[in-house]
$ cat final.txt   # compact mmCIF, C-alpha atoms and all ligand atoms
# COMPACT_ATOMS: atom_id res chain seq x y z
CA MET A 1 47.87 114.32 126.41
CA THR A 2 45.72 112.44 123.95
CA TYR A 3 47.35 112.25 120.57
CA PRO A 4 45.04 113.75 117.93
CA LEU A 5 43.51 111.35 115.44
CA PRO A 6 43.90 110.72 112.61
CA LEU A 7 47.53 109.78 113.20
CA PHE A 8 48.60 110.16 109.58
CA THR A 9 48.96 113.46 107.75
CA ARG A 10 49.93 112.12 104.33
CA ILE A 11 51.54 109.22 102.52
CA ASP A 12 55.19 110.18 102.84
CA HIS A 13 56.56 107.43 100.65
CA VAL A 14 56.10 104.03 99.13
CA GLY A 15 59.20 101.87 99.63
CA ILE A 16 60.07 99.59 96.74
CA ALA A 17 62.63 96.80 96.90
CA VAL A 18 64.94 96.70 93.89
CA ARG A 19 67.97 94.63 92.96
CA ASP A 20 69.91 97.45 91.27
CA LEU A 21 69.39 101.00 92.51
CA ASP A 22 70.97 102.78 89.52
CA GLU A 23 68.96 100.75 87.06
CA ALA A 24 65.72 101.35 88.99
CA ILE A 25 66.37 105.10 89.25
CA GLY A 26 66.94 105.22 85.49
CA TRP A 27 63.64 103.46 84.88
CA TYR A 28 61.66 105.82 87.14
CA GLU A 29 63.32 108.86 85.56
CA THR A 30 62.79 107.74 82.01
CA THR A 31 59.35 106.20 82.36
CA TYR A 32 57.70 108.58 84.82
CA GLY A 33 59.92 111.65 84.66
CA LEU A 34 60.53 111.62 88.42
CA THR A 35 63.71 113.14 89.84
CA VAL A 36 65.96 112.02 92.69
CA THR A 37 66.02 114.48 95.59
CA SER A 38 68.15 112.44 98.00
CA ARG A 39 70.35 109.40 97.91
CA GLU A 40 71.79 107.82 101.05
CA THR A 41 73.36 104.69 102.46
CA ASN A 42 71.78 103.69 105.78
CA GLU A 43 74.01 101.06 107.42
CA THR A 44 71.61 100.43 110.29
CA GLN A 45 68.74 99.68 107.92
CA GLY A 46 71.01 97.83 105.49
CA VAL A 47 70.07 99.84 102.41
CA HIS A 48 71.24 102.08 99.63
CA GLU A 49 68.19 104.20 98.99
CA ALA A 50 66.95 107.02 96.80
CA MET A 51 63.96 109.32 97.24
CA LEU A 52 62.21 110.47 94.07
CA VAL A 53 59.79 113.37 94.38
CA VAL A 54 56.13 112.84 93.56
CA ALA A 55 54.87 115.96 95.36
CA PRO A 56 57.26 118.50 96.91
CA PRO A 57 56.97 119.55 100.56
CA ALA A 58 54.27 122.09 101.41
CA GLU A 59 55.39 125.29 103.05
CA GLY A 60 54.31 126.52 106.44
CA ASP A 61 52.40 123.91 108.36
CA PRO A 62 54.91 121.53 110.03
CA SER A 63 52.30 118.78 110.14
CA HIS A 64 52.46 118.74 106.38
CA GLY A 65 56.12 119.69 106.20
CA GLY A 66 57.13 116.68 104.18
CA GLY A 67 56.46 115.86 100.58
CA SER A 68 55.55 112.55 99.02
CA TYR A 69 58.05 110.26 97.42
CA VAL A 70 58.91 106.93 95.92
CA GLN A 71 61.74 105.33 97.89
CA LEU A 72 63.84 102.83 95.97
CA LEU A 73 65.70 100.36 98.20
CA GLU A 74 68.66 98.18 97.28
CA PRO A 75 69.95 95.92 100.07
CA LEU A 76 73.51 96.25 101.36
CA ARG A 77 73.51 92.63 102.48
CA GLU A 78 71.46 89.51 101.88
CA ASP A 79 70.77 89.22 105.61
CA SER A 80 68.91 92.54 105.90
CA PRO A 81 65.19 93.35 105.78
CA VAL A 82 65.24 94.24 102.09
CA GLY A 83 67.69 91.45 101.22
CA LYS A 84 65.46 88.85 102.83
CA PHE A 85 62.36 90.36 101.23
CA LEU A 86 63.92 90.23 97.75
CA ALA A 87 64.99 86.62 98.21
CA ARG A 88 61.46 85.67 99.23
CA ASN A 89 59.31 87.84 96.96
CA GLY A 90 61.49 89.41 94.31
CA PRO A 91 61.28 93.14 93.56
CA GLY A 92 58.12 95.01 94.54
CA VAL A 93 56.37 97.09 97.18
CA HIS A 94 58.19 96.66 100.49
CA HIS A 95 56.59 99.20 102.84
CA ILE A 96 54.42 102.28 103.16
CA GLY A 97 55.67 105.32 105.06
CA TYR A 98 53.00 107.57 106.58
CA GLY A 99 53.68 111.12 107.71
CA VAL A 100 53.02 111.84 111.40
CA ILE A 101 53.36 115.04 113.41
CA ASP A 102 55.20 113.45 116.34
CA VAL A 103 56.62 109.97 115.85
CA THR A 104 57.21 109.27 119.57
CA GLN A 105 53.64 110.10 120.50
CA ALA A 106 52.26 108.24 117.49
CA LEU A 107 54.25 105.14 118.51
CA ALA A 108 52.86 105.29 122.03
CA THR A 109 49.32 105.57 120.72
CA ILE A 110 49.77 102.67 118.30
CA ALA A 111 51.46 100.48 120.94
CA GLY A 112 48.53 101.25 123.22
CA ALA A 113 46.24 99.79 120.57
CA GLY A 114 48.16 96.50 120.86
CA VAL A 115 50.18 96.72 117.64
CA ARG A 116 53.69 95.25 117.85
CA LEU A 117 56.41 97.78 117.21
CA VAL A 118 59.59 96.91 115.33
CA ASP A 119 61.13 100.09 116.75
CA GLU A 120 60.35 101.15 120.33
CA ARG A 121 62.12 104.43 119.68
CA PRO A 122 62.56 106.52 116.54
CA ARG A 123 65.53 105.91 114.27
CA HIS A 124 67.38 107.94 111.71
CA GLY A 125 65.63 107.94 108.34
CA SER A 126 66.07 109.44 104.92
CA MET A 127 66.49 113.22 104.60
CA GLY A 128 66.89 113.66 108.35
CA ALA A 129 63.47 112.29 109.23
CA SER A 130 62.70 110.39 112.44
CA ILE A 131 61.21 107.03 111.52
CA ALA A 132 59.83 103.92 113.20
CA PHE A 133 58.45 100.66 111.84
CA LEU A 134 55.38 98.67 112.91
CA HIS A 135 55.39 94.90 112.57
CA PRO A 136 53.68 93.67 109.38
CA LYS A 137 52.17 90.70 111.23
CA ASP A 138 50.05 93.14 113.27
CA THR A 139 49.13 95.48 110.41
CA GLY A 140 47.43 93.17 107.96
CA GLY A 141 50.65 92.16 106.21
CA VAL A 142 51.78 95.71 105.40
CA LEU A 143 55.17 96.78 106.72
CA THR A 144 54.31 100.26 107.98
CA GLU A 145 56.71 103.11 108.68
CA LEU A 146 55.97 106.31 110.59
CA VAL A 147 57.82 109.36 109.29
CA GLN A 148 58.28 112.64 111.13
CA ALA A 149 59.83 114.86 108.51
CA ILE A 150 62.02 117.84 109.28
CA PRO A 151 59.70 120.84 108.90
CA ARG A 152 60.47 122.98 105.90
CA ALA A 153 61.85 126.35 106.93
C1 LIG B 1 58.96 90.53 106.17
N1 LIG B 1 57.66 90.19 106.21
C2 LIG B 1 56.94 91.12 105.58
C3 LIG B 1 57.89 92.06 105.12
N2 LIG B 1 59.11 91.68 105.52
N3 LIG B 1 55.62 91.25 105.35
C4 LIG B 1 55.22 92.32 104.64
N4 LIG B 1 56.07 93.28 104.16
C5 LIG B 1 57.40 93.18 104.38
N5 LIG B 1 58.22 94.10 103.93
C6 LIG B 1 57.08 88.98 106.83
C7 LIG B 1 57.70 87.74 106.21
O1 LIG B 1 57.02 87.38 105.04
C8 LIG B 1 57.56 86.73 107.30
O2 LIG B 1 56.25 86.20 107.28
C9 LIG B 1 57.73 87.54 108.57
O3 LIG B 1 57.43 88.91 108.19
C10 LIG B 1 59.15 87.50 109.13
O4 LIG B 1 60.01 87.90 108.08
P1 LIG B 1 61.59 87.63 108.03
O5 LIG B 1 62.05 87.96 106.67
O6 LIG B 1 61.90 86.29 108.63
O7 LIG B 1 62.23 88.72 108.83
P2 LIG B 1 62.41 89.20 110.28
O8 LIG B 1 61.41 88.67 111.25
O9 LIG B 1 63.86 89.04 110.62
O10 LIG B 1 62.11 90.76 110.01
C11 LIG B 1 60.88 91.27 109.62
C12 LIG B 1 60.86 92.74 110.04
C13 LIG B 1 62.09 93.42 109.37
C14 LIG B 1 59.56 93.37 109.55
C15 LIG B 1 60.94 92.81 111.56
O11 LIG B 1 61.98 93.34 107.97
C16 LIG B 1 62.29 94.84 109.81
O12 LIG B 1 62.84 95.12 110.88
N6 LIG B 1 61.87 95.83 108.98
C17 LIG B 1 61.98 97.22 109.33
C18 LIG B 1 63.24 97.84 108.80
C19 LIG B 1 63.31 97.93 107.28
O13 LIG B 1 62.51 97.31 106.59
N7 LIG B 1 64.31 98.68 106.76
C20 LIG B 1 64.50 98.89 105.32
C21 LIG B 1 63.88 100.16 104.86
P3 LIG B 1 55.93 84.66 107.56
O14 LIG B 1 56.77 83.91 106.57
O15 LIG B 1 56.35 84.45 108.99
O16 LIG B 1 54.45 84.56 107.35
S1 LIG B 1 64.75 101.57 105.50
C22 LIG B 1 63.77 102.95 105.20
O17 LIG B 1 62.59 102.75 104.73
C23 LIG B 1 64.31 104.19 105.50
C24 LIG B 1 65.69 104.39 105.98
C25 LIG B 1 63.48 105.42 105.33
O18 LIG B 1 62.36 105.35 104.83
O19 LIG B 1 63.96 106.53 105.71
CO CO B 2 61.07 103.94 104.07
$ encode --input "final.txt" --output "structure tokens"
Amino acid sequence: MTYPLPLFTRIDHVGIAVRDLDEAIGWYETTYGLTVTSRETNETQGVHEAMLVVAPPAEGDPSHGGGSYVQLLEPLREDSPVGKFLARNGPGVHHIGYGVIDVTQALATIAGAGVRLVDERPRHGSMGASIAFLHPKDTGGVLTELVQAIPRA
């Protein structure tokens, strides 16, 4: 089966590296009025993270079953993707997460285009999503995440 283009259905989230998650959440709440919908520790990814809602999930169509968010990321360890990024660049935009309908098929399509994958298979992401990263050296310097959200019931 040929995977339908375009691959992306929405911008799921913008990932932002922060030094102090509580402080950053407070700033986003106070300054922009955003609210936290989920907060998790992901040991595999080495982060404490929070998702703040920009646009809530649409109902019905599973291809648009996720919302759009700001993801604030505090590293669990210095020797982790976000820890290393902070040491090199300081706080700021770390990655972009795009919504896809089927992350496994999207990965195969992207690998077929010659883009290096960080993840050959999907991993566990925030709010139960299946996620996978593409290597920033093959995507014009942008760490890119594919996000297959759990469809809203
Ligand atoms: C590193 N580089 C980046 C970058 N991180 N470029 C753009 N954006 C970033 N965020 C560049 C870095 O400047 C180096 O360039 C080169 O890549 C190698 O970097 P490194 O620090 O030596 O690190 P590596 O090679 O050990 O790891 C880089 C990768 C790693 C991308 C492979 O960060 C990774 O696996 N990331 C995916 C996982 C992740 O980021 N998890 C946290 C979010 P030069 O100096 O060689 O030119 S978790 C998440 O978003 C979740 C759970 C969710 O959304 O649900
Ligand atoms: Co992310």
$ residues_near_ligand --input "final.txt" --ligand "ligand CO 2 (chain B)" --cutoff "10 Å" --atoms "only C-alpha atoms and all ligand atoms" --output "list in words"
Asp12, His13, Val14, Gly15, Ile16, Gln45, Glu49, Ala50, Met51, Tyr69, Val70, Gln71, Leu72, Leu73, His94, His95, Ile96, Gly97, Tyr98, Gly125, Ser126, Ile131, Ala132, Phe133, Leu143, Thr144, Glu145, Leu146 and Val147 of chain A
$ closest_residue --input "final.txt" --among "A:Pro81, A:Gly99, A:Gln148, A:Arg121" --to "ligand LIG 1 (chain B)" --atoms "all atoms listed in the file"
A:Pro81
$ closest_residue --input "final.txt" --among "A:Ala111, A:Val47, A:Ala149, A:Val54" --to "ligand LIG 1 (chain B)" --atoms "all atoms listed in the file"
A:Val47
$ atom_distance --input "final.txt" --atom1 "CA of Ile25 (chain A)" --atom2 "atom C3 of ligand LIG 1 (chain B)"
22.2 Å
$ atom_distance --input "final.txt" --atom1 "CA of Pro6 (chain A)" --atom2 "CA of Gly112 (chain A)"
15.0 Å
$ atom_distance --input "final.txt" --atom1 "CA of Ile110 (chain A)" --atom2 "CA of Tyr3 (chain A)"
10.1 Å
$ closest_residue --input "final.txt" --among "A:Arg19, A:Arg39, A:Lys84, A:His135" --to "Val53 (chain A)" --atoms "only C-alpha atoms"
A:Arg39
$ closest_residue --input "final.txt" --among "A:Glu29, A:Glu59, A:Glu78, A:Asp20" --to "ligand LIG 1 (chain B)" --atoms "only C-alpha atoms and all ligand atoms"
A:Glu78
$ closest_residue --input "final.txt" --among "A:Leu76, A:Ala24, A:Ala129, A:Val82" --to "Val100 (chain A)" --atoms "all atoms listed in the file"
A:Ala129
$ residues_near_point --input "final.txt" --point "(51.2, 97.5, 115.2)" --cutoff "9 Å" --atoms "all atoms listed in the file" --output "PyMOL selection string"
chain A and resi 107+110-111+113-118+133-139+144
$ closest_residue --input "final.txt" --among "A:Val18, A:Glu43, A:Gly66, A:Thr30" --to "Asn89 (chain A)" --atoms "all atoms listed in the file"
A:Val18
$ axis_aligned_box --input "final.txt" --around "region 108-127 of chain A" --padding-each-side "3 Å" --output "AutoDock Vina command-line options"
--center_x 56.8 --center_y 104.2 --center_z 113.9 --size_x 27.1 --size_y 24.0 --size_z 24.6
